[in-house]
>>> print(open('protein-v1.txt').read())   # compact mmCIF, C-alpha atoms and all ligand atoms
# COMPACT_ATOMS: atom_id res chain seq x y z
CA MET A 281 0.00 0.00 0.00
CA GLU A 282 1.36 3.44 -0.94
CA THR A 283 2.15 5.87 1.87
CA TYR A 284 1.85 9.64 1.36
CA ASP A 285 3.05 12.36 3.69
CA VAL A 286 -0.14 14.36 3.12
CA ALA A 287 -3.49 13.25 1.67
CA VAL A 288 -6.04 15.93 0.83
CA ILE A 289 -9.69 14.92 0.40
CA GLY A 290 -11.65 17.25 -1.93
CA ALA A 291 -10.54 19.52 -4.76
CA GLY A 292 -12.58 22.60 -3.81
CA PRO A 293 -10.92 25.95 -3.00
CA ALA A 294 -9.45 24.61 0.26
CA GLY A 295 -8.20 21.32 -1.19
CA VAL A 296 -6.46 22.63 -4.30
CA MET A 297 -4.52 25.13 -2.18
CA ALA A 298 -3.69 22.57 0.53
CA ALA A 299 -2.38 20.09 -2.05
CA TRP A 300 -0.33 22.80 -3.77
CA LYS A 301 1.31 24.09 -0.59
CA ALA A 302 2.00 20.59 0.76
CA ALA A 303 3.61 19.48 -2.53
CA GLU A 304 5.55 22.71 -2.82
CA SER A 305 6.91 22.06 0.68
CA HIS A 306 8.31 18.71 -0.63
CA ALA A 307 5.74 16.48 1.05
CA ARG A 308 4.57 13.44 -0.97
CA THR A 309 1.05 14.63 -1.59
CA LEU A 310 -2.16 13.01 -2.82
CA LEU A 311 -5.30 14.93 -3.82
CA ILE A 312 -8.51 12.86 -3.96
CA GLU A 313 -11.69 14.17 -5.61
CA ARG A 314 -14.88 12.18 -6.15
CA GLU A 315 -15.96 14.16 -9.22
CA GLY A 316 -14.28 13.79 -12.63
CA SER A 317 -13.05 17.40 -12.41
CA PRO A 318 -13.05 20.18 -9.79
CA GLY A 319 -15.83 22.73 -9.27
CA LYS A 320 -19.01 20.71 -9.70
CA LYS A 321 -20.54 22.13 -6.50
CA VAL A 322 -22.97 25.01 -7.03
CA CYS A 323 -21.61 28.46 -6.18
CA ALA A 324 -22.44 32.08 -7.02
CA GLU A 325 -18.72 32.45 -7.87
CA GLY A 326 -18.33 35.97 -6.49
CA VAL A 327 -15.02 37.02 -4.94
CA LEU A 328 -13.30 40.25 -4.00
CA ALA A 329 -10.10 41.07 -5.86
CA ASP A 330 -7.83 40.22 -2.92
CA VAL A 331 -8.98 36.60 -3.13
CA LEU A 332 -6.87 36.17 -6.23
CA THR A 333 -3.93 37.82 -4.47
CA ASP A 334 -4.23 35.25 -1.68
CA ALA A 335 -4.65 32.46 -4.23
CA GLU A 336 -1.40 33.74 -5.77
CA VAL A 337 -2.83 33.94 -9.29
CA ARG A 338 -3.45 36.80 -11.70
CA PRO A 339 -6.95 37.44 -13.04
CA VAL A 340 -7.03 35.92 -16.54
CA PRO A 341 -9.93 35.49 -18.97
CA GLU A 342 -9.54 31.71 -18.64
CA PHE A 343 -11.32 31.83 -15.27
CA VAL A 344 -12.67 35.39 -14.84
CA ALA A 345 -16.23 35.45 -16.21
CA ASN A 346 -16.97 39.07 -15.29
CA GLU A 347 -15.32 42.01 -13.54
CA ILE A 348 -17.32 43.56 -10.72
CA SER A 349 -17.22 47.07 -9.38
CA GLY A 350 -19.37 47.18 -6.25
CA ALA A 351 -22.85 46.05 -5.31
CA PHE A 352 -26.37 47.39 -4.89
CA LEU A 353 -27.84 46.33 -1.58
CA TYR A 354 -31.62 46.70 -1.62
CA ALA A 355 -33.72 47.42 1.46
CA PRO A 356 -36.66 45.02 1.99
CA ASP A 357 -39.13 47.44 0.38
CA GLU A 358 -36.63 48.15 -2.46
CA ALA A 359 -37.45 51.85 -2.07
CA LYS A 360 -33.80 52.45 -1.14
CA ARG A 361 -30.60 50.82 -2.13
CA VAL A 362 -27.08 51.27 -0.90
CA ASN A 363 -24.26 51.49 -3.40
CA VAL A 364 -21.44 49.44 -1.94
CA GLY A 365 -17.88 49.81 -3.24
CA GLY A 366 -15.33 47.06 -3.85
CA GLU A 367 -13.65 45.53 -6.85
CA GLY A 368 -14.08 41.86 -7.54
CA TYR A 369 -14.84 39.10 -10.00
CA ILE A 370 -17.43 36.57 -10.90
CA LEU A 371 -15.32 33.51 -11.55
CA ASP A 372 -15.81 30.59 -13.82
CA LYS A 373 -15.18 28.52 -10.69
CA PRO A 374 -14.61 25.13 -12.37
CA ALA A 375 -11.96 26.75 -14.63
CA PHE A 376 -10.44 28.58 -11.65
CA LEU A 377 -10.17 25.39 -9.59
CA ARG A 378 -8.78 23.53 -12.60
CA VAL A 379 -5.94 26.06 -12.86
CA LEU A 380 -5.20 25.73 -9.13
CA ALA A 381 -5.42 21.92 -9.20
CA ASP A 382 -3.06 21.77 -12.21
CA ARG A 383 -0.63 23.99 -10.31
CA ALA A 384 -0.71 21.51 -7.40
CA GLU A 385 0.06 18.67 -9.82
CA LYS A 386 2.92 20.63 -11.38
CA ALA A 387 4.36 21.06 -7.87
CA GLY A 388 4.35 17.27 -7.52
CA ALA A 389 0.95 16.37 -6.05
CA VAL A 390 -0.70 13.21 -7.39
CA ALA A 391 -4.36 13.92 -8.24
CA ARG A 392 -6.99 11.19 -8.36
CA TYR A 393 -10.34 12.22 -9.81
CA SER A 394 -13.56 10.18 -9.92
CA THR A 395 -12.32 8.76 -6.62
CA SER A 396 -14.64 8.78 -3.64
CA VAL A 397 -13.30 8.30 -0.12
CA GLU A 398 -15.48 5.66 1.51
CA ASP A 399 -13.76 5.00 4.83
CA ILE A 400 -10.96 6.36 7.00
CA GLU A 401 -9.26 4.58 9.86
CA ARG A 402 -6.30 5.10 12.18
CA LYS A 403 -3.69 2.34 11.87
CA ASP A 404 -0.24 2.13 13.48
CA GLY A 405 0.20 5.91 13.79
CA LEU A 406 -0.92 6.53 10.20
CA ILE A 407 -4.29 7.10 8.54
CA GLU A 408 -5.65 4.52 6.13
CA ILE A 409 -7.94 5.95 3.46
CA ARG A 410 -10.16 3.54 1.55
CA SER A 411 -11.68 4.82 -1.65
CA LYS A 412 -13.31 3.76 -4.88
CA THR A 413 -12.32 4.90 -8.35
CA ASP A 414 -15.13 4.17 -10.81
CA GLY A 415 -16.29 1.44 -8.44
CA GLU A 416 -12.79 -0.07 -8.08
CA PRO A 417 -11.61 -0.15 -4.42
CA SER A 418 -8.13 0.94 -3.38
CA SER A 419 -6.37 2.06 -0.19
CA VAL A 420 -3.53 4.41 0.67
CA LYS A 421 -1.88 5.49 3.90
CA ALA A 422 -1.03 9.03 4.93
CA ARG A 423 0.87 10.65 7.77
CA VAL A 424 -1.53 13.61 7.72
CA VAL A 425 -4.98 13.77 6.13
CA ILE A 426 -6.62 17.12 5.41
CA GLY A 427 -10.41 16.98 5.08
CA CYS A 428 -11.33 19.63 2.50
CA ASP A 429 -14.42 17.67 1.60
CA GLY A 430 -17.08 20.27 2.26
CA THR A 431 -20.19 20.30 4.42
CA GLY A 432 -20.73 16.52 4.29
CA SER A 433 -17.06 15.81 5.10
CA ILE A 434 -16.38 12.12 5.71
CA LEU A 435 -13.37 12.98 7.89
CA ALA A 436 -15.58 15.21 10.06
CA ARG A 437 -18.29 12.57 10.29
CA ARG A 438 -15.79 9.95 11.46
CA PHE A 439 -13.55 11.96 13.80
CA PHE A 440 -14.94 15.41 14.67
CA PRO A 441 -18.25 15.96 16.50
CA ARG A 442 -18.89 19.46 14.92
CA LYS A 443 -21.38 20.41 17.67
CA ASN A 444 -22.05 23.99 16.53
CA TYR A 445 -22.25 23.12 12.84
CA GLN A 446 -25.30 24.83 11.35
CA ALA A 447 -26.04 25.04 7.65
CA ILE A 448 -28.67 26.86 5.64
CA THR A 449 -29.99 25.84 2.24
CA ALA A 450 -28.82 27.78 -0.78
CA LEU A 451 -30.56 27.33 -4.11
CA GLN A 452 -29.33 28.84 -7.34
CA TYR A 453 -30.49 29.20 -10.92
CA SER A 454 -27.94 29.62 -13.71
CA MET A 455 -29.86 32.03 -15.92
CA THR A 456 -29.40 33.37 -19.44
CA ASP A 457 -30.91 36.39 -21.24
CA CYS A 458 -31.25 38.47 -18.07
CA GLU A 459 -31.44 42.23 -18.39
CA VAL A 460 -29.95 43.53 -15.18
CA GLU A 461 -29.45 47.27 -14.78
CA ASP A 462 -25.66 47.17 -14.60
CA GLU A 463 -23.66 43.99 -15.23
CA SER A 464 -20.70 45.34 -13.27
CA LYS A 465 -22.73 45.38 -10.02
CA LEU A 466 -23.73 42.56 -7.72
CA GLU A 467 -27.32 42.83 -6.51
CA ILE A 468 -28.27 41.79 -2.98
CA TYR A 469 -31.83 41.77 -1.66
CA VAL A 470 -32.61 41.37 2.03
CA GLY A 471 -35.85 41.06 3.99
CA HIS A 472 -37.54 38.38 6.05
CA GLU A 473 -40.48 38.22 3.69
CA LYS A 474 -38.24 37.73 0.65
CA ALA A 475 -35.58 35.52 2.20
CA PRO A 476 -36.10 34.69 5.89
CA ALA A 477 -32.79 35.09 7.76
CA GLY A 478 -30.93 35.17 4.47
CA TYR A 479 -30.77 37.01 1.17
CA ILE A 480 -31.27 36.81 -2.57
CA TRP A 481 -28.37 37.48 -4.91
CA VAL A 482 -28.06 38.35 -8.58
CA PHE A 483 -24.44 37.95 -9.68
CA PRO A 484 -24.05 38.88 -13.36
CA LYS A 485 -21.64 36.78 -15.39
CA GLY A 486 -21.80 39.08 -18.43
CA LYS A 487 -23.71 38.92 -21.75
CA GLY A 488 -27.03 38.37 -19.97
CA ASP A 489 -25.88 35.37 -17.93
CA ALA A 490 -26.34 35.51 -14.16
CA ASN A 491 -26.20 33.38 -11.03
CA VAL A 492 -29.49 34.09 -9.29
CA GLY A 493 -29.93 32.45 -5.93
CA ILE A 494 -31.31 32.48 -2.43
CA GLY A 495 -30.00 31.40 0.95
CA VAL A 496 -32.63 30.90 3.65
CA LYS A 497 -33.18 29.20 6.97
CA GLY A 498 -35.76 26.47 6.66
CA ALA A 499 -37.84 25.36 3.70
CA GLY A 500 -39.41 27.22 0.78
CA ALA A 501 -36.28 28.46 -1.03
CA LYS A 502 -37.61 27.66 -4.51
CA THR A 503 -41.01 29.28 -3.96
CA LEU A 504 -39.36 32.44 -2.61
CA LEU A 505 -36.84 32.65 -5.47
CA ASP A 506 -39.55 32.12 -8.09
CA LYS A 507 -41.63 34.85 -6.45
CA PHE A 508 -38.67 37.23 -6.55
CA ILE A 509 -38.06 36.50 -10.22
CA ASP A 510 -41.73 37.01 -11.07
CA LYS A 511 -41.67 40.37 -9.28
CA HIS A 512 -38.75 41.59 -11.42
CA PRO A 513 -40.02 41.21 -14.98
CA LYS A 514 -37.68 43.90 -16.33
CA ALA A 515 -34.62 41.86 -15.42
CA PHE A 516 -36.02 38.36 -15.83
CA GLY A 517 -39.05 38.68 -18.16
CA SER A 518 -37.18 37.10 -21.09
CA ALA A 519 -34.68 35.12 -19.02
CA ARG A 520 -34.34 31.35 -18.95
CA VAL A 521 -33.23 29.00 -16.20
CA GLU A 522 -30.52 26.74 -17.62
CA ARG A 523 -29.67 24.84 -14.43
CA THR A 524 -30.97 24.55 -10.87
CA LEU A 525 -28.66 23.42 -8.10
CA ALA A 526 -28.75 23.57 -4.32
CA ALA A 527 -26.21 22.99 -1.56
CA PRO A 528 -25.83 23.75 2.13
CA VAL A 529 -23.80 26.73 3.40
CA PRO A 530 -22.37 26.51 6.93
CA VAL A 531 -23.31 29.65 8.86
CA GLY A 532 -22.58 28.70 12.47
CA GLY A 533 -18.96 29.88 12.53
CA GLU A 534 -15.88 27.72 12.94
CA VAL A 535 -16.47 24.32 14.52
CA GLU A 536 -15.03 23.84 18.00
CA SER A 537 -12.48 21.25 17.05
CA TYR A 538 -10.91 20.72 13.64
CA VAL A 539 -7.40 19.49 14.40
CA ALA A 540 -6.52 16.07 15.85
CA ASP A 541 -3.48 13.78 15.70
CA ASN A 542 -2.72 13.23 11.96
CA MET A 543 -5.82 15.18 10.87
CA MET A 544 -7.15 18.61 10.01
CA LEU A 545 -10.38 19.96 8.57
CA CYS A 546 -10.41 22.94 6.22
CA GLY A 547 -12.94 25.24 4.55
CA ASP A 548 -16.66 24.38 4.70
CA ALA A 549 -15.86 21.16 6.57
CA ALA A 550 -14.55 23.28 9.47
CA GLY A 551 -17.27 25.97 9.19
CA GLN A 552 -14.70 28.49 7.91
CA VAL A 553 -17.26 30.66 6.15
CA ILE A 554 -18.25 34.32 6.75
CA PRO A 555 -21.66 33.62 8.33
CA LEU A 556 -23.64 36.69 7.21
CA THR A 557 -22.56 36.60 3.57
CA GLY A 558 -22.06 32.83 3.24
CA ALA A 559 -18.77 33.52 1.46
CA GLY A 560 -16.32 30.67 1.84
CA ILE A 561 -13.99 30.79 -1.15
CA HIS A 562 -11.54 33.26 0.41
CA THR A 563 -11.49 31.64 3.87
CA GLY A 564 -11.24 28.17 2.32
CA LEU A 565 -8.31 29.14 0.10
CA VAL A 566 -6.39 30.71 2.96
CA ALA A 567 -7.14 27.83 5.35
CA GLY A 568 -6.00 25.37 2.69
CA LYS A 569 -2.74 27.20 2.12
CA ILE A 570 -1.87 27.25 5.80
CA ALA A 571 -3.03 23.68 6.42
CA GLY A 572 -0.98 22.39 3.47
CA GLU A 573 2.16 24.11 4.73
CA GLU A 574 1.74 22.97 8.32
CA ALA A 575 0.78 19.40 7.34
CA ALA A 576 3.96 19.13 5.26
CA ILE A 577 6.17 20.51 8.03
CA CYS A 578 4.67 18.10 10.58
CA ALA A 579 4.72 15.04 8.30
CA LEU A 580 8.33 15.62 7.23
CA SER A 581 9.48 16.23 10.82
CA GLY A 582 7.82 13.02 12.01
CA ASN A 583 5.68 14.84 14.60
CA THR A 584 2.05 14.74 13.47
CA SER A 585 0.53 15.30 16.91
CA ALA A 586 -2.51 17.55 17.29
CA GLU A 587 -0.33 19.96 19.25
CA ASN A 588 2.07 20.37 16.35
CA LEU A 589 -0.65 20.51 13.67
CA ASN A 590 -2.43 23.15 15.75
CA HIS A 591 -0.11 25.81 14.30
CA TYR A 592 -2.52 25.71 11.37
CA ARG A 593 -5.43 26.64 13.60
CA ASP A 594 -3.46 29.41 15.35
CA ARG A 595 -2.29 30.95 12.07
CA PHE A 596 -5.74 30.80 10.47
CA ASN A 597 -7.47 32.25 13.50
CA LYS A 598 -5.07 35.15 13.71
CA LEU A 599 -6.13 36.12 10.18
CA TRP A 600 -9.81 35.18 10.12
CA GLY A 601 -11.05 34.19 13.62
CA PRO A 602 -12.35 37.63 14.69
CA ARG A 603 -13.94 38.33 11.29
CA ILE A 604 -15.86 35.05 11.36
CA SER A 605 -17.07 35.56 14.93
CA ASN A 606 -17.98 39.25 14.37
CA SER A 607 -19.94 38.30 11.27
CA LEU A 608 -21.73 35.58 13.24
CA ARG A 609 -22.85 38.25 15.72
CA ALA A 610 -23.94 40.52 12.89
CA LEU A 611 -25.97 37.62 11.47
CA ASP A 612 -27.62 37.02 14.83
CA SER A 613 -28.70 40.66 15.11
CA PHE A 614 -29.70 40.87 11.44
CA GLU A 615 -32.10 37.99 12.04
CA ARG A 616 -33.71 39.88 14.94
CA PHE A 617 -34.53 43.05 12.97
CA SER A 618 -37.94 43.37 11.38
CA ASP A 619 -38.25 44.36 7.72
CA PRO A 620 -39.29 47.97 8.63
CA GLU A 621 -36.21 48.22 10.86
CA LEU A 622 -34.02 46.87 8.09
CA ASN A 623 -35.50 49.52 5.75
CA ILE A 624 -34.37 52.19 8.20
CA ILE A 625 -30.94 50.64 8.74
CA THR A 626 -30.32 50.43 5.01
CA GLY A 627 -31.15 54.13 4.75
CA LEU A 628 -28.87 55.13 7.60
CA LEU A 629 -25.70 53.21 6.97
CA GLU A 630 -23.10 53.91 4.32
CA GLY A 631 -22.34 51.10 1.88
CA GLN A 632 -18.92 50.48 3.30
CA ASP A 633 -20.26 50.15 6.85
CA LEU A 634 -22.65 47.45 5.74
CA VAL A 635 -19.86 45.57 4.00
CA GLU A 636 -17.69 45.84 7.07
CA MET A 637 -20.45 44.60 9.33
CA ALA A 638 -21.25 41.69 7.05
CA ASN A 639 -17.61 40.74 6.75
CA GLY A 640 -17.04 41.01 10.45
CA PHE A 641 -15.00 44.20 10.58
CA SER A 642 -15.51 46.82 13.24
CA PRO A 643 -19.21 46.62 14.14
CA THR A 644 -18.63 49.49 16.57
CA ARG A 645 -18.12 51.91 13.68
CA ALA A 646 -21.43 51.00 12.13
CA VAL A 647 -23.11 51.34 15.50
CA GLY A 648 -21.63 54.84 15.81
CA LEU A 649 -23.30 55.85 12.57
CA LEU A 650 -26.64 54.65 13.83
CA ALA A 651 -26.49 57.37 16.48
CA ARG A 652 -28.58 59.42 14.05
CA HIS A 653 -31.44 57.08 14.93
CA PRO A 654 -31.07 56.59 18.69
CA LEU A 655 -33.64 53.89 19.44
CA LEU A 656 -32.48 51.68 16.63
CA ALA A 657 -28.89 52.38 17.56
CA MET A 658 -29.51 51.07 21.05
CA LYS A 659 -30.97 47.89 19.68
CA VAL A 660 -28.10 47.37 17.23
CA ALA A 661 -25.49 48.24 19.84
CA TYR A 662 -27.00 45.87 22.35
CA GLN A 663 -27.14 43.00 19.91
CA LEU A 664 -23.76 43.50 18.27
CA LEU A 665 -21.69 44.34 21.30
CA THR A 666 -23.16 42.06 23.93
CA GLY A 667 -23.56 39.14 21.54
C1 LIG A 701 -25.37 28.32 -3.77
C2 LIG A 701 -24.05 28.75 -3.16
C3 LIG A 701 -23.49 29.96 -3.55
C4 LIG A 701 -22.25 30.36 -3.02
N1 LIG A 701 -21.70 31.51 -3.45
C5 LIG A 701 -20.49 31.91 -2.99
C6 LIG A 701 -19.86 33.08 -3.49
O1 LIG A 701 -20.37 33.76 -4.39
N2 LIG A 701 -18.66 33.45 -2.96
C7 LIG A 701 -18.05 32.72 -1.98
O2 LIG A 701 -16.97 33.11 -1.52
N3 LIG A 701 -18.62 31.59 -1.51
C8 LIG A 701 -19.81 31.16 -1.99
N4 LIG A 701 -20.36 29.98 -1.54
C9 LIG A 701 -19.62 29.18 -0.56
C10 LIG A 701 -18.48 28.43 -1.25
O3 LIG A 701 -18.98 27.76 -2.38
C11 LIG A 701 -17.84 27.43 -0.29
O4 LIG A 701 -17.65 28.04 0.96
C12 LIG A 701 -16.51 26.92 -0.81
O5 LIG A 701 -16.65 26.28 -2.05
C13 LIG A 701 -15.92 25.94 0.20
O6 LIG A 701 -14.77 25.37 -0.31
P1 LIG A 701 -14.26 23.96 0.26
O7 LIG A 701 -13.00 23.66 -0.50
O8 LIG A 701 -14.22 23.98 1.72
O9 LIG A 701 -15.39 22.89 -0.10
P2 LIG A 701 -16.18 22.55 -1.43
O10 LIG A 701 -16.09 23.63 -2.41
O11 LIG A 701 -17.52 22.06 -1.00
O12 LIG A 701 -15.35 21.31 -2.03
C14 LIG A 701 -15.38 20.04 -1.44
C15 LIG A 701 -14.91 19.03 -2.47
O13 LIG A 701 -14.79 17.75 -1.83
C16 LIG A 701 -15.29 16.74 -2.70
N5 LIG A 701 -15.68 15.60 -1.84
C17 LIG A 701 -16.66 15.60 -0.90
N6 LIG A 701 -16.72 14.38 -0.31
C18 LIG A 701 -15.77 13.61 -0.90
C19 LIG A 701 -15.35 12.25 -0.73
N7 LIG A 701 -15.94 11.43 0.16
N8 LIG A 701 -14.34 11.77 -1.50
C20 LIG A 701 -13.73 12.60 -2.42
N9 LIG A 701 -14.10 13.90 -2.63
C21 LIG A 701 -15.09 14.39 -1.87
C22 LIG A 701 -16.45 17.41 -3.40
O14 LIG A 701 -16.77 16.78 -4.62
C23 LIG A 701 -15.91 18.84 -3.61
O15 LIG A 701 -15.25 18.97 -4.83
C24 LIG A 701 -21.59 29.55 -2.05
C25 LIG A 701 -22.17 28.33 -1.66
C26 LIG A 701 -23.38 27.92 -2.21
C27 LIG A 701 -23.96 26.59 -1.81
>>> encode(input="protein-v1.txt", output="structure tokens", more="lines below")
Ligand SMILES: Cc1cc2nc3c(=O)[nH]c(=O)nc-3n(C[C@H](O)[C@H](O)[C@H](O)COP(=O)(O)OP(=O)(O)OC[C@H]3O[C@@H](n4cnc5c(N)ncnc54)[C@H](O)[C@@H]3O)c2cc1C
Amino acid sequence: METYDVAVIGAGPAGVMAAWKAAESHARTLLIEREGSPGKKVCAEGVLADVLTDAEVRPVPEFVANEISGAFLYAPDEAKRVNVGGEGYILDKPAFLRVLADRAEKAGAVARYSTSVEDIERKDGLIEIRSKTDGEPSSVKARVVIGCDGTGSILARRFFPRKNYQAITALQYSMTDCEVEDESKLEIYVGHEKAPAGYIWVFPKGKGDANVGIGVKGAGAKTLLDKFIDKHPKAFGSARVERTLAAPVPVGGEVESYVADNMMLCGDAAGQVIPLTGAGIHTGLVAGKIAGEEAAICALSGNTSAENLNHYRDRFNKLWGPRISNSLRALDSFERFSDPELNIITGLLEGQDLVEMANGFSPTRAVGLLARHPLLAMKVAYQLLTG
């Protein structure tokens, strides 16, 4: 049976980066993906420009579907909208992940596609991974295994309890022939009537194509999205739905434990998602990079204890821990506001403050701005600052 220093399960944003960094650090690395190619999971594909900086790639037409310059955030009654700044991209995510996976292979990682991990077991200080490639069983051993296998992670199910793991349903239509007002803007619609405890997004991919989706707590996503589309005939009157896909988005913040002897979880598997926005590409990429580096160091030094692998957790949390937990608080308070209150908030805050709140930066600043509306300010302040 072959033995690898590092085995990475899943070729999503976290996995392709983990495999690249581990291989680049001279660890014998295996990347296992159950699909025939990366990027089959549904995604709205929106990222800010600094995501590509962290992914260490330049924006190229091969994987950039559309360039974005800000977003319109609509109040529940749509009477007001906030113009939010920020440069970014709508990716062709399968092409993007392909480029990153190829880079991992060029650095020396062995990639196995159409290979589903079926079982994982500890054996003699190593991890045995049993998988099937097109129905054919095989096994490998690894000194460190990194579970980048998303919300349904097999590594998490076997070895990590994930007590605080909460996921909402996100449903998305890939649409053509849309007529959105400005294809360089993302559109975000909030409101409990439209999308209870969530939001609707319209992410233009250019030339009339758009990812149009909804993330909500509980059932009814399709009915709500169809209603939204019906209510916007100007944009969607002549549009067609080419594909409908749904997947869970973890919104409960980082799970309590995601590092153990010989094992780490990364990305969605570890709840490393910005809870209010549901964005997980950036966090997943960064977590994967760090996990790949630390896994290689530990495997090559012969010390794969949880204590040693925990450097990954420390490094990731220094960068993203406060943003994830601040955004979780913002999500909690957002859920407690009524639609009329959200209408007022949208009118009072500047675009950048909303972005910062959603992304978990400095909620105190946004609260300061609400001082123009004292009663609401007290409610926001209480919810954001006391948690
Ligand atoms: C509808 C929707 C829209 C979204 N929009 C955005 C957005 O616009 N911007 C953003 O930043 N984030 C968005 N997200 C979140 C983002 O898609 C995820 O956070 C991100 O993809 C997580 O990356 P990951 O590598 O952790 O896991 P994933 O991308 O889920 O990748 C996991 C991989 O593991 C593979 N796998 C799973 N189990 C096994 C197994 N047993 N054996 C082998 N392989 C396995 C899967 O096939 C998959 O390729 C969205 C999510 C959804 C559902």
>>> closest_atom_pairs(input="protein-v1.txt", of="chain A", to="ligand LIG 701 (chain A)", cutoff="7 Å", atoms="all atoms listed in the file", output="CSV")
residue,atom,partner,partner_atom,distance
A:Ile289,CA,A:LIG701,C20,5.4
A:Gly290,CA,A:LIG701,O13,3.2
A:Ala291,CA,A:LIG701,O15,4.7
A:Gly292,CA,A:LIG701,O7,3.5
A:Pro293,CA,A:LIG701,O7,4.0
A:Ala294,CA,A:LIG701,O7,3.8
A:Gly295,CA,A:LIG701,O7,5.4
A:Ile312,CA,A:LIG701,C20,5.4
A:Glu313,CA,A:LIG701,N9,3.8
A:Arg314,CA,A:LIG701,C20,3.9
A:Glu315,CA,A:LIG701,O14,5.4
A:Pro318,CA,A:LIG701,O15,5.6
A:Gly319,CA,A:LIG701,O15,5.8
A:Lys320,CA,A:LIG701,O15,6.4
A:Lys321,CA,A:LIG701,O10,6.2
A:Val322,CA,A:LIG701,C1,5.2
A:Cys323,CA,A:LIG701,C3,3.6
A:Ala324,CA,A:LIG701,N1,3.7
A:Glu325,CA,A:LIG701,O1,4.1
A:Gly326,CA,A:LIG701,O1,3.7
A:Val327,CA,A:LIG701,N2,5.5
A:Thr395,CA,A:LIG701,C20,5.9
A:Ser396,CA,A:LIG701,N8,3.7
A:Val397,CA,A:LIG701,N8,3.9
A:Glu398,CA,A:LIG701,N7,5.9
A:Cys428,CA,A:LIG701,O8,5.3
A:Asp429,CA,A:LIG701,O13,3.5
A:Gly430,CA,A:LIG701,O11,3.7
A:Thr431,CA,A:LIG701,O11,6.3
A:Gly432,CA,A:LIG701,N6,6.5
A:Ser433,CA,A:LIG701,N6,5.6
A:Ile434,CA,A:LIG701,N7,5.6
A:Ala450,CA,A:LIG701,C1,4.6
A:Leu451,CA,A:LIG701,C1,5.3
A:Gln452,CA,A:LIG701,C1,5.4
A:Gly493,CA,A:LIG701,C1,6.5
A:Ala526,CA,A:LIG701,C1,5.9
A:Ala527,CA,A:LIG701,C27,4.3
A:Pro528,CA,A:LIG701,C27,5.2
A:Val529,CA,A:LIG701,C27,5.2
A:Cys546,CA,A:LIG701,O8,6.0
A:Gly547,CA,A:LIG701,O8,3.4
A:Asp548,CA,A:LIG701,O8,3.9
A:Ala549,CA,A:LIG701,O8,5.8
A:Val553,CA,A:LIG701,O4,5.8
A:Gly558,CA,A:LIG701,C9,5.8
A:Ala559,CA,A:LIG701,O2,3.5
A:Gly560,CA,A:LIG701,O4,3.1
A:Ile561,CA,A:LIG701,O2,3.8
A:His562,CA,A:LIG701,O2,5.8
A:Gly564,CA,A:LIG701,O8,5.2
>>> residues_near_point(input="protein-v1.txt", point="(-12.2, 9.7, 9.3)", cutoff="9 Å", atoms="all atoms listed in the file", output="PyMOL selection string")
chain A and resi 399-402+407-409+425+427+433-440+543
>>> residues_around(input="protein-v1.txt", residues="A:Lys502", least_positions_apart="3", cutoff="12 Å", atoms="all atoms listed in the file", output="ChimeraX atom specification")
/A:449-453,474-475,480,492-496,498-499,505-509,524-526
>>> write_last_selection(input="protein-v1.txt", atoms="C-alpha atoms", output="CSV table (one decimal), in the frame of the given file")
chain,number,residue,atom,x,y,z
A,449,THR,CA,-30.0,25.8,2.2
A,450,ALA,CA,-28.8,27.8,-0.8
A,451,LEU,CA,-30.6,27.3,-4.1
A,452,GLN,CA,-29.3,28.8,-7.3
A,453,TYR,CA,-30.5,29.2,-10.9
A,474,LYS,CA,-38.2,37.7,0.6
A,475,ALA,CA,-35.6,35.5,2.2
A,480,ILE,CA,-31.3,36.8,-2.6
A,492,VAL,CA,-29.5,34.1,-9.3
A,493,GLY,CA,-29.9,32.4,-5.9
A,494,ILE,CA,-31.3,32.5,-2.4
A,495,GLY,CA,-30.0,31.4,1.0
A,496,VAL,CA,-32.6,30.9,3.6
A,498,GLY,CA,-35.8,26.5,6.7
A,499,ALA,CA,-37.8,25.4,3.7
A,505,LEU,CA,-36.8,32.6,-5.5
A,506,ASP,CA,-39.6,32.1,-8.1
A,507,LYS,CA,-41.6,34.8,-6.4
A,508,PHE,CA,-38.7,37.2,-6.6
A,509,ILE,CA,-38.1,36.5,-10.2
A,524,THR,CA,-31.0,24.6,-10.9
A,525,LEU,CA,-28.7,23.4,-8.1
A,526,ALA,CA,-28.8,23.6,-4.3
>>> closest_residue(input="protein-v1.txt", among="A:Ser418, A:Thr333, A:Asn597, A:Ser411", to="A:Ile570", atoms="all atoms listed in the file")
A:Asn597
>>> closest_residue(input="protein-v1.txt", among="A:Arg603, A:Lys373, A:Arg361, A:Lys412", to="A:Thr563", atoms="all atoms listed in the file")
A:Arg603
>>> closest_atom_pairs(input="protein-v1.txt", of="stretch 479-546 of chain A", to="stretch 463-468 of chain A", cutoff="6 Å", atoms="only C-alpha atoms", output="Markdown table")
| residue | atom | partner | partner_atom | distance |
| --- | --- | --- | --- | --- |
| A:Ile480 | CA | A:Ile468 | CA | 5.8 |
| A:Trp481 | CA | A:Ile468 | CA | 4.7 |
| A:Val482 | CA | A:Glu467 | CA | 5.0 |
| A:Phe483 | CA | A:Leu466 | CA | 5.1 |
| A:Pro484 | CA | A:Glu463 | CA | 5.5 |
>>> write_last_selection(input="protein-v1.txt", atoms="C-alpha atoms", output="PDB file, in the coordinates of the input")
ATOM      1  CA  ILE A 480     -31.270  36.810  -2.570  1.00  0.00           C
ATOM      2  CA  TRP A 481     -28.370  37.480  -4.910  1.00  0.00           C
ATOM      3  CA  VAL A 482     -28.060  38.350  -8.580  1.00  0.00           C
ATOM      4  CA  PHE A 483     -24.440  37.950  -9.680  1.00  0.00           C
ATOM      5  CA  PRO A 484     -24.050  38.880 -13.360  1.00  0.00           C
TER       6      PRO A 484
END
